[in-house]
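Just below is one structure, and these are the notes that go with it.
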Amino acid sequence: MELIMGLACKALAFSWPAKGAAPSPVLQSVDAVFPPGSVSLVTGETGAGKSTLLNLLAGLLRPTAGEVWADGEPVSRWPASHRTRWRQQVGIVFQHLALMSDLSVAENLLLPLIPRDMTWERMQNVIDRQLVEVELSELATMPARTLSGGQRQRLALARAMVGNPRFILADEPTAFQDDRQAVRIADQLSSAARQGAVVVVCSHDPRLKNADGIDQWLHLEATSLTRPSTGQATA
């Protein structure tokens, strides 16, 4: 495969195993490139496979067939230990958030910074800045379990972005947000892309299709990824 910067899928396929039956395909022959410096929006109905695609891009699942490449490296071929180290460059907003509920808001942001070569003062400054971005500064010492759904989602976004990752993968990042916060989140993702990050957002939120800063719009349906022909949010 030629050297492609960013994330790329080549003939990507994934099926969940099924006892006593043929595997059920979720993705088939997916070819896509998610360039650095851009926000790619992947839409699709619930159950279409958007979360599965993000998990494959993040190296959390291994494809049934085909490959995922990151900056020219075949990450989907690597053993689990190599993929785990590579994920230090990846910020993920999980659909179900996966926060540490008994830790404070600030402590949830501290966790992804611990493996990095940063001073304590630097980590505190980075955390404080991210909390301002997601409007959670006043709740820094509160346990994550005490937050509302929208606040928890913004905390998950802050955790994904706090380490200034090369790759940002966001699953339904605006699902619990009002219109103002949805625009703020879209702006934050666009800002990260302008600084060179690869940003992939999977969502069925119609507000994102018309948001500023969406460079590429792809649609997942019937196991295939296509470009909508409406002209909205296309690269």
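Going by the structure tokens order, chains are called A, B, ..., each with residues numbered from 1, while ligands are numbered from 1 in the order shown.
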
Long-range neighbours of region 75-87 of chain A as a VMD selection string, 7 Å cut-off, only C-alpha atoms, 5 positions minimum in chain: chain A and resid 59 62 67 to 70

Near Thr226 (chain A), within 10 Å and counting only C-alpha atoms, which residues show up once chain neighbours fewer than 6 positions away are dropped, as a PDB file with C-alpha atoms, in the first residue's frame?
```pdb
ATOM      1  CA  VAL A  30     -14.606  -0.645   3.179  1.00  0.00           C
ATOM      2  CA  ASP A  31     -12.047   1.628   1.507  1.00  0.00           C
ATOM      3  CA  ALA A  32     -11.593   5.079   3.013  1.00  0.00           C
ATOM      4  CA  VAL A  42     -19.485   9.196   9.300  1.00  0.00           C
ATOM      5  CA  THR A  43     -23.272   9.001   9.493  1.00  0.00           C
ATOM      6  CA  TRP A 217     -18.983  13.267   4.915  1.00  0.00           C
ATOM      7  CA  LEU A 218     -19.319   9.500   4.548  1.00  0.00           C
ATOM      8  CA  HIS A 219     -22.412   7.377   5.097  1.00  0.00           C
ATOM      9  CA  LEU A 220     -22.485   3.824   6.422  1.00  0.00           C
TER      10      LEU A 220
END
```

Minimum-distance residue to Asp179 (chain A), chosen among A:Pro74, A:Pro115, A:Gly37, A:Pro206 (using only C-alpha atoms):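 Closest to Asp179 (chain A), using only C-alpha atoms: A:Pro206.
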
Close residues, Arg194 (chain A) itself excluded, 10 Å, only C-alpha atoms, min 6 positions apart in chain, as a ChimeraX atom specification: /A:36-39,188,213

Sel. of helix (DSSP H, G or I) residues, region 48-228 of chain A, as a PyMOL selection string: chain A and resi 50-57+75-77+80-89+105-113+120-133+137-139+144-146+149-161+179-194+206-209

Which residue of A:Asp102, A:Leu57, A:Thr146, A:Val33 approaches Leu3 (chain A) most closely, using only C-alpha atoms: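 Closest residue, counting only C-alpha atoms: A:Val33.
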
Spatial neighbours of region 119-136 of chain A, 12 Å, only C-alpha atoms, chain gap at least 6 places, as a PyMOL selection string: chain A and resi 104-113+142+144+147-148+150-164+177+180-189+191

Region 165-176 of chain A environment, 7 Å, only C-alpha atoms, sequence neighbours closer than 2 positions dropped, as a VMD selection string: chain A and resid 51 54 89 to 95 149 to 150 153 161 163 178 182 197 to 203 205

Those selected residues, please, written with N, CA and C atoms and delivered as a PDB file, in the first residue's frame.
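Done, and the output landed in result00.pdb:
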```pdb
ATOM      1  N   SER A  51     -19.927   2.414  15.428  1.00  0.00           N
ATOM      2  CA  SER A  51     -19.055   2.158  16.577  1.00  0.00           C
ATOM      3  C   SER A  51     -18.033   1.084  16.258  1.00  0.00           C
ATOM      4  N   LEU A  54     -15.206   2.671  14.314  1.00  0.00           N
ATOM      5  CA  LEU A  54     -14.292   3.427  15.164  1.00  0.00           C
ATOM      6  C   LEU A  54     -13.398   2.504  15.983  1.00  0.00           C
ATOM      7  N   GLN A  89      -1.313   7.699  21.061  1.00  0.00           N
ATOM      8  CA  GLN A  89      -1.510   8.788  20.109  1.00  0.00           C
ATOM      9  C   GLN A  89      -2.987   8.989  19.751  1.00  0.00           C
ATOM     10  N   VAL A  90      -3.867   8.195  20.361  1.00  0.00           N
ATOM     11  CA  VAL A  90      -5.284   8.186  19.982  1.00  0.00           C
ATOM     12  C   VAL A  90      -6.138   8.670  21.145  1.00  0.00           C
ATOM     13  N   GLY A  91      -7.034   9.622  20.855  1.00  0.00           N
ATOM     14  CA  GLY A  91      -8.031  10.041  21.825  1.00  0.00           C
ATOM     15  C   GLY A  91      -9.392   9.536  21.380  1.00  0.00           C
ATOM     16  N   ILE A  92     -10.098   8.841  22.279  1.00  0.00           N
ATOM     17  CA  ILE A  92     -11.364   8.201  21.915  1.00  0.00           C
ATOM     18  C   ILE A  92     -12.483   8.719  22.803  1.00  0.00           C
ATOM     19  N   VAL A  93     -13.582   9.130  22.166  1.00  0.00           N
ATOM     20  CA  VAL A  93     -14.826   9.409  22.885  1.00  0.00           C
ATOM     21  C   VAL A  93     -15.741   8.220  22.635  1.00  0.00           C
ATOM     22  N   PHE A  94     -15.895   7.380  23.641  1.00  0.00           N
ATOM     23  CA  PHE A  94     -16.752   6.212  23.501  1.00  0.00           C
ATOM     24  C   PHE A  94     -18.220   6.618  23.601  1.00  0.00           C
ATOM     25  N   GLN A  95     -19.080   5.894  22.876  1.00  0.00           N
ATOM     26  CA  GLN A  95     -20.501   6.200  22.929  1.00  0.00           C
ATOM     27  C   GLN A  95     -21.043   6.067  24.349  1.00  0.00           C
ATOM     28  N   GLY A 149     -25.779  13.907  32.200  1.00  0.00           N
ATOM     29  CA  GLY A 149     -25.374  13.199  30.994  1.00  0.00           C
ATOM     30  C   GLY A 149     -24.572  14.069  30.049  1.00  0.00           C
ATOM     31  N   GLY A 150     -25.006  15.302  29.849  1.00  0.00           N
ATOM     32  CA  GLY A 150     -24.285  16.215  28.971  1.00  0.00           C
ATOM     33  C   GLY A 150     -22.916  16.566  29.507  1.00  0.00           C
ATOM     34  N   GLN A 153     -20.571  13.647  29.016  1.00  0.00           N
ATOM     35  CA  GLN A 153     -20.140  13.536  27.627  1.00  0.00           C
ATOM     36  C   GLN A 153     -19.036  14.548  27.315  1.00  0.00           C
ATOM     37  N   MET A 161      -9.120  14.565  24.318  1.00  0.00           N
ATOM     38  CA  MET A 161      -8.309  15.608  23.703  1.00  0.00           C
ATOM     39  C   MET A 161      -7.187  16.124  24.594  1.00  0.00           C
ATOM     40  N   GLY A 163      -4.496  14.989  25.859  1.00  0.00           N
ATOM     41  CA  GLY A 163      -3.102  14.678  25.536  1.00  0.00           C
ATOM     42  C   GLY A 163      -2.664  15.152  24.170  1.00  0.00           C
ATOM     43  N   ASP A 178     -27.199  20.342  24.075  1.00  0.00           N
ATOM     44  CA  ASP A 178     -28.095  21.304  23.441  1.00  0.00           C
ATOM     45  C   ASP A 178     -27.387  21.924  22.237  1.00  0.00           C
ATOM     46  N   ALA A 182     -23.434  21.676  21.191  1.00  0.00           N
ATOM     47  CA  ALA A 182     -23.119  20.913  19.974  1.00  0.00           C
ATOM     48  C   ALA A 182     -22.215  21.729  19.054  1.00  0.00           C
ATOM     49  N   ALA A 197      -4.469  17.253  13.557  1.00  0.00           N
ATOM     50  CA  ALA A 197      -4.993  15.965  13.996  1.00  0.00           C
ATOM     51  C   ALA A 197      -5.871  15.328  12.917  1.00  0.00           C
ATOM     52  N   VAL A 198      -5.956  14.013  12.978  1.00  0.00           N
ATOM     53  CA  VAL A 198      -6.921  13.250  12.188  1.00  0.00           C
ATOM     54  C   VAL A 198      -8.171  13.107  13.063  1.00  0.00           C
ATOM     55  N   VAL A 199      -9.292  13.642  12.615  1.00  0.00           N
ATOM     56  CA  VAL A 199     -10.521  13.609  13.413  1.00  0.00           C
ATOM     57  C   VAL A 199     -11.593  12.834  12.651  1.00  0.00           C
ATOM     58  N   VAL A 200     -12.109  11.788  13.280  1.00  0.00           N
ATOM     59  CA  VAL A 200     -13.197  10.996  12.708  1.00  0.00           C
ATOM     60  C   VAL A 200     -14.344  10.991  13.713  1.00  0.00           C
ATOM     61  N   VAL A 201     -15.512  11.452  13.268  1.00  0.00           N
ATOM     62  CA  VAL A 201     -16.691  11.529  14.119  1.00  0.00           C
ATOM     63  C   VAL A 201     -17.770  10.631  13.533  1.00  0.00           C
ATOM     64  N   CYS A 202     -18.286   9.723  14.332  1.00  0.00           N
ATOM     65  CA  CYS A 202     -19.428   8.908  13.925  1.00  0.00           C
ATOM     66  C   CYS A 202     -20.659   9.403  14.661  1.00  0.00           C
ATOM     67  N   SER A 203     -21.703   9.728  13.913  1.00  0.00           N
ATOM     68  CA  SER A 203     -22.885  10.319  14.547  1.00  0.00           C
ATOM     69  C   SER A 203     -24.090  10.232  13.627  1.00  0.00           C
ATOM     70  N   ASP A 205     -26.421  12.563  14.490  1.00  0.00           N
ATOM     71  CA  ASP A 205     -26.923  13.879  14.852  1.00  0.00           C
ATOM     72  C   ASP A 205     -26.977  14.755  13.595  1.00  0.00           C
TER      73      ASP A 205
END
```

Leu27 (chain A) surroundings by only C-alpha atoms, 10 Å radius, close-in-sequence under 5 positions cut, as number ranges by chain: A: 11-16, 48-50, 52-53, 63-65, 220-225

For the selection just defined, write its residues with N, CA and C atoms to a file, as a PDB file, in the first residue's frame.
```
ATOM      1  N   ALA A  11     -10.030  -2.446   1.960  1.00  0.00           N
ATOM      2  CA  ALA A  11     -10.827  -3.682   1.873  1.00  0.00           C
ATOM      3  C   ALA A  11     -11.212  -4.183   3.253  1.00  0.00           C
ATOM      4  N   LEU A  12     -11.557  -3.262   4.146  1.00  0.00           N
ATOM      5  CA  LEU A  12     -11.828  -3.595   5.542  1.00  0.00           C
ATOM      6  C   LEU A  12     -13.158  -4.335   5.666  1.00  0.00           C
ATOM      7  N   ALA A  13     -13.142  -5.406   6.424  1.00  0.00           N
ATOM      8  CA  ALA A  13     -14.360  -6.176   6.677  1.00  0.00           C
ATOM      9  C   ALA A  13     -14.352  -6.649   8.122  1.00  0.00           C
ATOM     10  N   PHE A  14     -15.554  -6.766   8.686  1.00  0.00           N
ATOM     11  CA  PHE A  14     -15.672  -7.264  10.058  1.00  0.00           C
ATOM     12  C   PHE A  14     -17.005  -7.973  10.211  1.00  0.00           C
ATOM     13  N   SER A  15     -16.943  -9.127  10.851  1.00  0.00           N
ATOM     14  CA  SER A  15     -18.149  -9.896  11.168  1.00  0.00           C
ATOM     15  C   SER A  15     -18.066 -10.345  12.617  1.00  0.00           C
ATOM     16  N   TRP A  16     -19.190 -10.274  13.322  1.00  0.00           N
ATOM     17  CA  TRP A  16     -19.247 -10.819  14.669  1.00  0.00           C
ATOM     18  C   TRP A  16     -19.449 -12.326  14.570  1.00  0.00           C
ATOM     19  N   ALA A  48     -25.832   0.502  12.299  1.00  0.00           N
ATOM     20  CA  ALA A  48     -25.210   0.392  10.980  1.00  0.00           C
ATOM     21  C   ALA A  48     -23.751  -0.047  11.050  1.00  0.00           C
ATOM     22  N   GLY A  49     -23.123   0.091  12.214  1.00  0.00           N
ATOM     23  CA  GLY A  49     -21.722  -0.319  12.348  1.00  0.00           C
ATOM     24  C   GLY A  49     -20.760   0.823  12.591  1.00  0.00           C
ATOM     25  N   LYS A  50     -21.276   2.006  12.947  1.00  0.00           N
ATOM     26  CA  LYS A  50     -20.394   3.161  13.157  1.00  0.00           C
ATOM     27  C   LYS A  50     -19.424   2.920  14.313  1.00  0.00           C
ATOM     28  N   THR A  52     -18.442   0.068  15.507  1.00  0.00           N
ATOM     29  CA  THR A  52     -17.508  -0.979  15.105  1.00  0.00           C
ATOM     30  C   THR A  52     -16.386  -0.399  14.255  1.00  0.00           C
ATOM     31  N   LEU A  53     -16.733   0.483  13.331  1.00  0.00           N
ATOM     32  CA  LEU A  53     -15.717   1.117  12.500  1.00  0.00           C
ATOM     33  C   LEU A  53     -14.721   1.896  13.353  1.00  0.00           C
ATOM     34  N   PRO A  63      -9.762  -6.549  12.298  1.00  0.00           N
ATOM     35  CA  PRO A  63     -10.672  -6.819  11.183  1.00  0.00           C
ATOM     36  C   PRO A  63     -10.728  -8.299  10.828  1.00  0.00           C
ATOM     37  N   THR A  64     -11.884  -8.716  10.322  1.00  0.00           N
ATOM     38  CA  THR A  64     -12.017 -10.063   9.790  1.00  0.00           C
ATOM     39  C   THR A  64     -11.206 -10.196   8.507  1.00  0.00           C
ATOM     40  N   ALA A  65     -11.168  -9.123   7.730  1.00  0.00           N
ATOM     41  CA  ALA A  65     -10.377  -9.073   6.503  1.00  0.00           C
ATOM     42  C   ALA A  65      -9.987  -7.624   6.253  1.00  0.00           C
ATOM     43  N   LEU A 220     -22.591   5.261   6.251  1.00  0.00           N
ATOM     44  CA  LEU A 220     -22.485   3.824   6.422  1.00  0.00           C
ATOM     45  C   LEU A 220     -23.874   3.204   6.340  1.00  0.00           C
ATOM     46  N   GLU A 221     -24.040   2.308   5.381  1.00  0.00           N
ATOM     47  CA  GLU A 221     -25.333   1.653   5.186  1.00  0.00           C
ATOM     48  C   GLU A 221     -25.114   0.313   4.505  1.00  0.00           C
ATOM     49  N   ALA A 222     -25.825  -0.705   4.998  1.00  0.00           N
ATOM     50  CA  ALA A 222     -25.765  -2.045   4.399  1.00  0.00           C
ATOM     51  C   ALA A 222     -24.328  -2.534   4.284  1.00  0.00           C
ATOM     52  N   THR A 223     -23.557  -2.347   5.330  1.00  0.00           N
ATOM     53  CA  THR A 223     -22.166  -2.797   5.497  1.00  0.00           C
ATOM     54  C   THR A 223     -21.157  -2.029   4.644  1.00  0.00           C
ATOM     55  N   SER A 224     -21.605  -1.016   3.881  1.00  0.00           N
ATOM     56  CA  SER A 224     -20.710  -0.283   2.979  1.00  0.00           C
ATOM     57  C   SER A 224     -20.625   1.190   3.354  1.00  0.00           C
ATOM     58  N   LEU A 225     -19.482   1.796   3.066  1.00  0.00           N
ATOM     59  CA  LEU A 225     -19.250   3.211   3.333  1.00  0.00           C
ATOM     60  C   LEU A 225     -19.232   3.956   2.004  1.00  0.00           C
TER      61      LEU A 225
END
```

Residue set, chain A restricted to strand (DSSP E), as a PyMOL selection string: chain A and resi 7-16+24-34+38-43+65-70+90-93+167-171+198-202+216-221+224-226

Distance in Å - CA of Gln88 (chain A) versus CA of Gly196 (chain A):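 Going from CA of Gln88 (chain A) over to CA of Gly196 (chain A) covers 16.4 Å.
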
CA of His96 (chain A) to CA of Lys10 (chain A), straight-line distance in Å: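 Distance reported for this atom pair: 27.6 Å.
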